[in-house]
Amino acid sequence: MLVHPHVRRTTITPTRTAVAAVLTMVVILAQMAGPTPSAAAQSLMEGGQGSLMEDPQPAPFYHADPAVLAAAGLGQVINTRVVTMPAFLGYEVTEIAYRSTDTRDRPILATATVVRPPHARPNGPVLSYQHYLNALGQSCAPTETLVNPTLETVQDNAMAFLRVRLDQGWTVLIPDHLGPKVAYPGGQLSARIVLDGMRAVRDDPRFDARHSRFGALGYSGGGIASAWVSLMNDDYAPDVNLVGVAQGGIPTDMTTMARMIGNWPHPAFGLAFAAAVGMAREYPEDIRLEEKLTPEGWALFERMKGRCTASLLVYGAFRSVPMVLEGGDLLAEEGLTRAFAENSVRLTPDVPRVPVFMWHSRTDPLVPFWDAEETATRYCREGTPLTWEPGLAPEHLLGAVEKLPAAMNWLQQRFDGVPAGRACYG
């Protein structure tokens, strides 16, 4: 396993911005009643064993007959529903459920939102936007939060910037890229869901996109999904006319992130714990996390199960690996570290062949810049048509805003057929 030399000089002391973010979340959620552990959960906390899997959604939209699903082609639309979304009033919004596959090539029913302006151009640009989903519940997916925003998820619906491009005639696809098991942060799974979502839009005549050019955009967790889209397009979906991928703020190496969290209390521990659970959901044969959780670990899972980013940060703030895991060392779990490595773009030998716009703040206090820089350097060395733009935003989420206009303009050029140049060093 590769270890970047900069990792050794990483400071583990929580940054002021990270602490402030957690405290802000605590204030916001102080009026929300946390879930009370059920009797079954209490039994688990006292030494039993249970499941880390997400409960299936009750709505028929999220279900398909297994035989129908297995017989469907990749990207084939199986269920649809027309909805109204506060974020996209005035636009045509259709939610689709379609055939995709998990990382072991087993059929799954993926879901996404398709937004079109009334004047959408036939065969016009289609942008797949991968939102920054850090979640353990399907109720946190855009197909749910955009229809029924709550206090917990209102910050997850910040998609107003897409309206500018919708008004220019673009179609926007917003996939639930964590999949039905909510396997955060499984980048390879997410890429399959995104690419099959593009197939779904292309092949369904109601979207009039048979000959469209497709692009992808994502930041942070959505950047992981988008980065894997750029890597997997050639092999998994060479039939999709993908003309460019804009990806920013990416945790390019999940093993680095695990080392940064370490085995001591950390303000962002909730996201690390959620990542371990998500990987266990996608790789259940390799990661038997439920056999290693302590009673306190089960109690934390019970509070975080089904919850979204804000709750994950609040409930996990300043917890640590020894509190929740027998043995007290996350990196000693070989199945988990293999899954992290398998989903880390820095550690894969592949490079994108599709044009890529990549950005990351040099001063990002949460996701290390050096891993992204090393990844960009390798992409350039091996011939990726890359535009690499380091930034100076002092906080992780501000990094998305800093370069978003440049990323959108770059995508516009790709949709217009302008050849992508190379700008490897910013």
# chains A, B, ... in the order shown; residues from 1 in each chain; ligands from 1

call {"tool": "residues_around", "arguments": {"residues": "Gly417 in chain A", "least_positions_apart": "3", "cutoff": "12 Å", "atoms": "only C-alpha atoms", "output": "list in words"}}
result
Gly124, Pro125, Ser212, Arg213, Phe214, Gly215, Asn241, Leu242, Val243, Gly244, Pro355, Trp410, Leu411, Gln412, Gln413, Arg414 and Ala420 of chain A

call {"tool": "write_last_selection", "arguments": {"atoms": "all heavy atoms", "output": "CSV table (one decimal), in the first residue's frame"}}
result
chain,number,residue,atom,x,y,z
A,124,GLY,N,-29.4,18.2,-26.5
A,124,GLY,CA,-28.5,19.3,-25.9
A,124,GLY,C,-27.7,18.7,-24.8
A,124,GLY,O,-27.7,17.5,-24.5
A,125,PRO,N,-26.8,19.5,-24.1
A,125,PRO,CA,-25.9,19.1,-23.1
A,125,PRO,C,-26.7,18.4,-21.9
A,125,PRO,O,-27.7,18.9,-21.5
A,125,PRO,CB,-25.2,20.4,-22.6
A,125,PRO,CG,-25.4,21.3,-23.8
A,125,PRO,CD,-26.7,21.0,-24.4
A,212,SER,N,-26.9,13.3,-27.3
A,212,SER,CA,-26.3,14.4,-26.4
A,212,SER,C,-24.9,14.1,-26.0
A,212,SER,O,-24.4,13.0,-26.0
A,212,SER,CB,-27.2,14.5,-25.1
A,212,SER,OG,-28.4,15.0,-25.4
A,213,ARG,N,-24.2,15.2,-25.7
A,213,ARG,CA,-22.9,15.1,-25.0
A,213,ARG,C,-23.2,15.1,-23.5
A,213,ARG,O,-24.0,15.9,-23.0
A,213,ARG,CB,-22.0,16.3,-25.4
A,213,ARG,CG,-21.6,16.2,-26.9
A,213,ARG,CD,-20.9,17.5,-27.3
A,213,ARG,NE,-20.3,17.4,-28.6
A,213,ARG,CZ,-20.0,18.4,-29.4
A,213,ARG,NH1,-20.3,19.6,-29.1
A,213,ARG,NH2,-19.5,18.1,-30.6
A,214,PHE,N,-22.4,14.3,-22.8
A,214,PHE,CA,-22.6,14.2,-21.4
A,214,PHE,C,-21.3,14.7,-20.6
A,214,PHE,O,-20.2,14.5,-21.1
A,214,PHE,CB,-22.8,12.8,-20.9
A,214,PHE,CG,-24.2,12.3,-21.3
A,214,PHE,CD1,-24.5,11.8,-22.6
A,214,PHE,CD2,-25.2,12.2,-20.4
A,214,PHE,CE1,-25.7,11.3,-23.0
A,214,PHE,CE2,-26.5,11.8,-20.7
A,214,PHE,CZ,-26.7,11.3,-22.0
A,215,GLY,N,-21.6,15.4,-19.5
A,215,GLY,CA,-20.5,15.9,-18.6
A,215,GLY,C,-20.8,15.5,-17.2
A,215,GLY,O,-21.9,15.1,-16.9
A,241,ASN,N,-21.2,9.1,-24.5
A,241,ASN,CA,-20.4,10.2,-25.1
A,241,ASN,C,-20.1,11.2,-24.0
A,241,ASN,O,-20.6,12.3,-23.9
A,241,ASN,CB,-21.2,10.9,-26.2
A,241,ASN,CG,-20.4,11.9,-26.9
A,241,ASN,OD1,-19.1,11.9,-26.8
A,241,ASN,ND2,-21.0,12.8,-27.7
A,242,LEU,N,-19.1,10.8,-23.1
A,242,LEU,CA,-18.7,11.6,-22.0
A,242,LEU,C,-17.6,12.6,-22.5
A,242,LEU,O,-16.5,12.1,-22.9
A,242,LEU,CB,-18.2,10.8,-20.9
A,242,LEU,CG,-17.7,11.5,-19.6
A,242,LEU,CD1,-18.9,12.1,-18.9
A,242,LEU,CD2,-17.0,10.5,-18.7
A,243,VAL,N,-17.8,13.9,-22.5
A,243,VAL,CA,-16.9,14.8,-23.1
A,243,VAL,C,-16.0,15.6,-22.0
A,243,VAL,O,-15.1,16.2,-22.4
A,243,VAL,CB,-17.6,15.9,-23.9
A,243,VAL,CG1,-18.3,15.2,-25.1
A,243,VAL,CG2,-18.6,16.7,-23.1
A,244,GLY,N,-16.4,15.4,-20.7
A,244,GLY,CA,-15.6,16.1,-19.7
A,244,GLY,C,-16.1,15.8,-18.3
A,244,GLY,O,-17.3,15.6,-18.1
A,355,PRO,N,-11.3,14.2,-21.0
A,355,PRO,CA,-10.8,15.5,-20.4
A,355,PRO,C,-11.3,15.7,-19.0
A,355,PRO,O,-12.4,15.4,-18.6
A,355,PRO,CB,-11.4,16.6,-21.3
A,355,PRO,CG,-11.5,15.9,-22.6
A,355,PRO,CD,-11.9,14.5,-22.3
A,410,TRP,N,-15.6,25.6,-18.1
A,410,TRP,CA,-14.8,24.6,-18.7
A,410,TRP,C,-15.7,23.5,-19.3
A,410,TRP,O,-15.6,23.1,-20.4
A,410,TRP,CB,-13.8,24.0,-17.7
A,410,TRP,CG,-12.9,22.9,-18.2
A,410,TRP,CD1,-11.7,23.0,-18.8
A,410,TRP,CD2,-13.2,21.5,-18.2
A,410,TRP,NE1,-11.2,21.8,-19.2
A,410,TRP,CE2,-12.1,20.8,-18.8
A,410,TRP,CE3,-14.3,20.7,-17.8
A,410,TRP,CZ2,-12.0,19.4,-19.0
A,410,TRP,CZ3,-14.2,19.3,-18.0
A,410,TRP,CH2,-13.1,18.7,-18.5
A,411,LEU,N,-16.8,23.1,-18.5
A,411,LEU,CA,-17.7,22.2,-19.0
A,411,LEU,C,-18.5,22.7,-20.2
A,411,LEU,O,-18.8,22.0,-21.2
A,411,LEU,CB,-18.7,21.8,-17.9
A,411,LEU,CG,-18.2,20.8,-16.9
A,411,LEU,CD1,-19.1,20.8,-15.6
A,411,LEU,CD2,-18.1,19.4,-17.5
A,412,GLN,N,-18.8,24.0,-20.2
A,412,GLN,CA,-19.5,24.6,-21.3
A,412,GLN,C,-18.7,24.5,-22.6
A,412,GLN,O,-19.2,24.2,-23.7
A,412,GLN,CB,-19.8,26.1,-21.0
A,412,GLN,CG,-20.5,26.8,-22.2
A,412,GLN,CD,-21.9,26.4,-22.4
A,412,GLN,OE1,-22.8,26.7,-21.5
A,412,GLN,NE2,-22.2,25.7,-23.4
A,413,GLN,N,-17.4,24.7,-22.5
A,413,GLN,CA,-16.5,24.6,-23.7
A,413,GLN,C,-16.5,23.1,-24.2
A,413,GLN,O,-16.5,22.9,-25.4
A,413,GLN,CB,-15.1,25.0,-23.3
A,413,GLN,CG,-15.0,26.5,-23.1
A,413,GLN,CD,-13.6,26.9,-22.7
A,413,GLN,OE1,-12.8,26.1,-22.1
A,413,GLN,NE2,-13.2,28.1,-23.0
A,414,ARG,N,-16.6,22.1,-23.3
A,414,ARG,CA,-16.6,20.7,-23.7
A,414,ARG,C,-17.9,20.4,-24.4
A,414,ARG,O,-17.9,19.8,-25.4
A,414,ARG,CB,-16.4,19.8,-22.5
A,414,ARG,CG,-15.2,20.0,-21.7
A,414,ARG,CD,-13.9,19.7,-22.4
A,414,ARG,NE,-13.4,20.7,-23.3
A,414,ARG,CZ,-12.9,21.9,-23.0
A,414,ARG,NH1,-12.8,22.2,-21.7
A,414,ARG,NH2,-12.5,22.7,-23.9
A,420,ALA,N,-10.2,20.1,-25.6
A,420,ALA,CA,-9.6,20.3,-24.3
A,420,ALA,C,-8.1,20.5,-24.4
A,420,ALA,O,-7.5,19.6,-25.0
A,420,ALA,CB,-10.0,19.2,-23.3

call {"tool": "select_by_dssp", "arguments": {"residues": "range 35-255 of chain A", "states": "helix (DSSP H, G or I)", "output": "CSV table (one decimal) with C-alpha atoms, in the first residue's frame"}}
result
chain,number,residue,atom,x,y,z
A,39,ALA,CA,-35.0,-2.8,22.4
A,40,ALA,CA,-33.3,-4.8,19.7
A,41,ALA,CA,-30.5,-2.2,19.5
A,42,GLN,CA,-30.1,-2.2,23.2
A,43,SER,CA,-29.6,-5.9,23.0
A,44,LEU,CA,-26.9,-5.4,20.5
A,45,MET,CA,-25.2,-2.8,22.7
A,60,PRO,CA,-42.7,1.3,-4.5
A,61,PHE,CA,-40.5,3.6,-6.6
A,62,TYR,CA,-37.4,2.1,-4.9
A,66,PRO,CA,-35.7,-9.2,-9.0
A,67,ALA,CA,-36.4,-11.1,-12.3
A,68,VAL,CA,-37.3,-7.8,-14.1
A,69,LEU,CA,-34.1,-6.2,-12.7
A,70,ALA,CA,-31.9,-9.0,-13.7
A,71,ALA,CA,-33.3,-9.1,-17.2
A,86,PRO,CA,-38.7,23.6,-4.2
A,87,ALA,CA,-35.1,23.9,-5.6
A,88,PHE,CA,-36.4,23.5,-9.2
A,138,GLN,CA,-31.5,6.6,1.8
A,139,SER,CA,-33.7,9.4,3.1
A,140,CYS,CA,-30.6,11.6,2.6
A,142,PRO,CA,-31.5,13.8,-3.5
A,143,THR,CA,-34.6,12.0,-4.7
A,144,GLU,CA,-35.9,12.4,-1.2
A,145,THR,CA,-34.3,15.6,0.2
A,154,VAL,CA,-31.7,21.8,3.9
A,155,GLN,CA,-28.0,22.5,3.6
A,156,ASP,CA,-27.7,19.4,1.3
A,157,ASN,CA,-29.9,21.1,-1.3
A,162,LEU,CA,-27.6,24.6,-11.6
A,163,ARG,CA,-30.5,26.8,-12.6
A,164,VAL,CA,-28.3,29.1,-14.7
A,165,ARG,CA,-27.3,26.2,-16.9
A,166,LEU,CA,-30.9,24.8,-17.0
A,167,ASP,CA,-32.0,28.2,-18.3
A,187,GLY,CA,-16.4,5.5,-5.6
A,188,GLN,CA,-16.4,2.6,-8.0
A,189,LEU,CA,-20.1,1.8,-7.1
A,190,SER,CA,-21.0,5.5,-7.5
A,191,ALA,CA,-19.3,5.7,-10.9
A,192,ARG,CA,-21.4,2.7,-12.2
A,193,ILE,CA,-24.6,4.4,-10.9
A,194,VAL,CA,-23.7,7.7,-12.6
A,195,LEU,CA,-22.7,6.2,-15.9
A,196,ASP,CA,-25.8,4.0,-16.0
A,197,GLY,CA,-27.8,7.1,-15.2
A,198,MET,CA,-26.4,8.8,-18.3
A,199,ARG,CA,-27.4,5.7,-20.3
A,200,ALA,CA,-30.9,6.0,-18.8
A,201,VAL,CA,-31.3,9.6,-19.9
A,202,ARG,CA,-29.8,8.9,-23.3
A,203,ASP,CA,-32.0,5.9,-24.0
A,205,PRO,CA,-37.1,9.0,-25.4
A,206,ARG,CA,-38.9,11.4,-23.0
A,207,PHE,CA,-35.5,13.1,-22.4
A,221,GLY,CA,-17.8,13.1,-1.8
A,222,GLY,CA,-19.4,14.0,-5.2
A,223,GLY,CA,-15.8,14.5,-6.4
A,224,ILE,CA,-15.0,10.9,-5.5
A,225,ALA,CA,-17.9,9.7,-7.6
A,226,SER,CA,-16.9,12.0,-10.5
A,227,ALA,CA,-13.3,11.0,-10.4
A,228,TRP,CA,-14.2,7.4,-10.8
A,229,VAL,CA,-16.5,8.3,-13.6
A,230,SER,CA,-13.5,9.7,-15.5
A,231,LEU,CA,-11.6,6.5,-14.7
A,232,MET,CA,-14.3,3.9,-15.5
A,233,ASN,CA,-15.9,5.5,-18.6
A,234,ASP,CA,-13.6,3.7,-21.1
A,235,ASP,CA,-14.2,0.2,-19.7
A,236,TYR,CA,-17.7,0.3,-18.1
A,254,MET,CA,-9.0,7.1,1.7
A,255,THR,CA,-6.2,5.4,3.5

call {"tool": "closest_residue", "arguments": {"among": "A:Glu389, A:Glu334, A:Glu285, A:Glu290", "to": "Ala246 in chain A", "atoms": "only C-alpha atoms"}}
result
A:Glu389

call {"tool": "select_by_dssp", "arguments": {"residues": "range 145-294 of chain A", "states": "strand (DSSP E)", "output": "list of chain:residue names"}}
result
A:Thr171, A:Val172, A:Leu173, A:Ile174, A:Pro175, A:Phe214, A:Gly215, A:Ala216, A:Leu217, A:Gly218, A:Tyr219, A:Leu242, A:Val243, A:Gly244, A:Val245, A:Ala246, A:Gln247, A:Gly248

call {"tool": "closest_residue", "arguments": {"among": "A:Leu146, A:Leu109, A:Leu347, A:Leu136", "to": "Met85 in chain A", "atoms": "only C-alpha atoms"}}
result
A:Leu146

call {"tool": "atom_distance", "arguments": {"atom1": "CA of Val240 in chain A", "atom2": "CA of Asn123 in chain A"}}
result
13.3 Å

call {"tool": "residues_around", "arguments": {"residues": "Phe301 in chain A", "least_positions_apart": "5", "cutoff": "9 Å", "atoms": "only C-alpha atoms", "output": "number ranges by chain"}}
result
A: 52, 273-274, 277, 296

call {"tool": "write_last_selection", "arguments": {"atoms": "N, CA, C and O atoms", "output": "compact mmCIF listing (two decimals), in the first residue's frame"}}
result
# COMPACT_ATOMS: atom_id res chain seq x y z
N LEU A 52 -25.48 -4.01 9.83
CA LEU A 52 -25.17 -2.61 9.54
C LEU A 52 -25.88 -2.11 8.30
O LEU A 52 -25.74 -0.96 7.92
N PHE A 273 -16.41 7.09 10.73
CA PHE A 273 -17.21 5.95 11.16
C PHE A 273 -18.24 5.59 10.09
O PHE A 273 -18.45 4.42 9.76
N ALA A 274 -18.87 6.62 9.51
CA ALA A 274 -19.85 6.38 8.45
C ALA A 274 -19.18 5.73 7.24
O ALA A 274 -19.76 4.86 6.59
N VAL A 277 -18.73 2.05 7.95
CA VAL A 277 -20.01 1.36 7.81
C VAL A 277 -20.40 1.22 6.35
O VAL A 277 -20.83 0.16 5.90
N GLU A 296 -20.42 0.58 22.75
CA GLU A 296 -20.52 2.01 22.42
C GLU A 296 -20.56 2.20 20.91
O GLU A 296 -21.22 3.12 20.40
